Amino acid sequence: GKLGGRNDDNKYYYGMMKKLDSFHLIQRIGHQINDAHPRKGKFMTRLSQCTFTSSKEDMDALESARQQGKLTNLSDKEKKADRLLYVRRYISDDVKAIVAKVLLLLQTTIAQDKSIKKQHVANGDPCKNMAKSHDAYPLVAKKVMHV
């Protein structure tokens with residue numbers, strides 16, 4: 001068959017609705033943001049925090065184990081490594097709350113984009129022909145809003 005045609009491998013799936021899981025949604029948004037942008041990492045972390053919730057039971061057990069082992073002066077990097085290893089994350093059943101968090105994150109990021117650009121203009125930077133890695137370049141561009 002021709003490229004993109006319905007052959008034996010994919011005709012079973014023809015016409016089926018494809019659902020996007022949360023990980024791939026976050027990745028799809030991330031791919032629309034330039035990797036060189038200085039605020040991308042923080043934005044992606046916050047987007048993940050909007051979607052996933054850490055298990056309170058696991059967090060309490062981890063904190064208890066740290067106190068019992070007298071591990072109270074860990075660095076942030078060590079605490080993060082422990083959380084990634086010992087704390088389960090899940091997606092809440094409250095879909096409206098997740099959507100509200102994501103929309104709030106987008107709104108605050110867009111406001112931050114405008115504020116940063118305004119500051120640069122006020123300091124004499126015309127903000128024209130900016131590199132995508134420039135701090136005043138918008139993190140949330142139109143193409144991100146269409147994902």
# chains A, B, ... in the order shown; residues from 1 in each chain; ligands from 1
>>> closest_atom_pairs(of="segment 108-128 of chain A", to="segment 43-52 of chain A", cutoff="12 Å", atoms="only C-alpha atoms", output="JSON lines")
{"residue": "A:Thr108", "atom": "CA", "partner": "A:Phe43", "partner_atom": "CA", "distance": 10.6}
{"residue": "A:Thr109", "atom": "CA", "partner": "A:Phe43", "partner_atom": "CA", "distance": 8.1}
{"residue": "A:Ile110", "atom": "CA", "partner": "A:Phe43", "partner_atom": "CA", "distance": 11.3}
{"residue": "A:Gln112", "atom": "CA", "partner": "A:Phe43", "partner_atom": "CA", "distance": 11.5}
{"residue": "A:Asp113", "atom": "CA", "partner": "A:Phe43", "partner_atom": "CA", "distance": 12.0}
>>> select_by_dssp(residues="chain A", states="strand (DSSP E or B)", output="list of chain:residue names")
A:Phe52, A:Thr53, A:Ser54, A:Arg89, A:Tyr90, A:Ile91
>>> residues_around(residues="Thr53 of chain A", least_positions_apart="4", cutoff="10 Å", atoms="only C-alpha atoms", output="ChimeraX atom specification")
/A:48-49,88-92,98
>>> atom_distance(atom1="atom CA of Leu103 of chain A", atom2="atom CA of His120 of chain A")
25.8 Å
>>> select_by_dssp(residues="chain A", states="alpha helix (DSSP H)", output="JSON, numbers by chain")
{"A": [22, 23, 24, 25, 26, 27, 28, 29, 30, 31, 40, 41, 42, 43, 44, 45, 46, 47, 48, 49, 50, 51, 56, 57, 58, 59, 60, 61, 62, 63, 64, 65, 66, 67, 68, 76, 77, 78, 79, 80, 81, 82, 83, 84, 85, 86, 95, 96, 97, 98, 99, 100, 101, 102, 103, 104, 105, 106, 107, 108, 109, 110, 111, 112, 113, 114, 115, 116, 117, 118, 119, 120, 121, 122, 142, 143, 144, 145]}
>>> closest_residue(among="A:Arg83, A:Arg39, A:Lys56, A:Arg66", to="Tyr137 of chain A", atoms="only C-alpha atoms")
A:Arg39
>>> closest_residue(among="A:Val140, A:Leu25, A:Leu71, A:Ala61", to="Val87 of chain A", atoms="only C-alpha atoms")
A:Ala61
>>> closest_residue(among="A:Asp94, A:Leu106, A:Thr72, A:Ile116", to="His134 of chain A", atoms="only C-alpha atoms")
A:Ile116
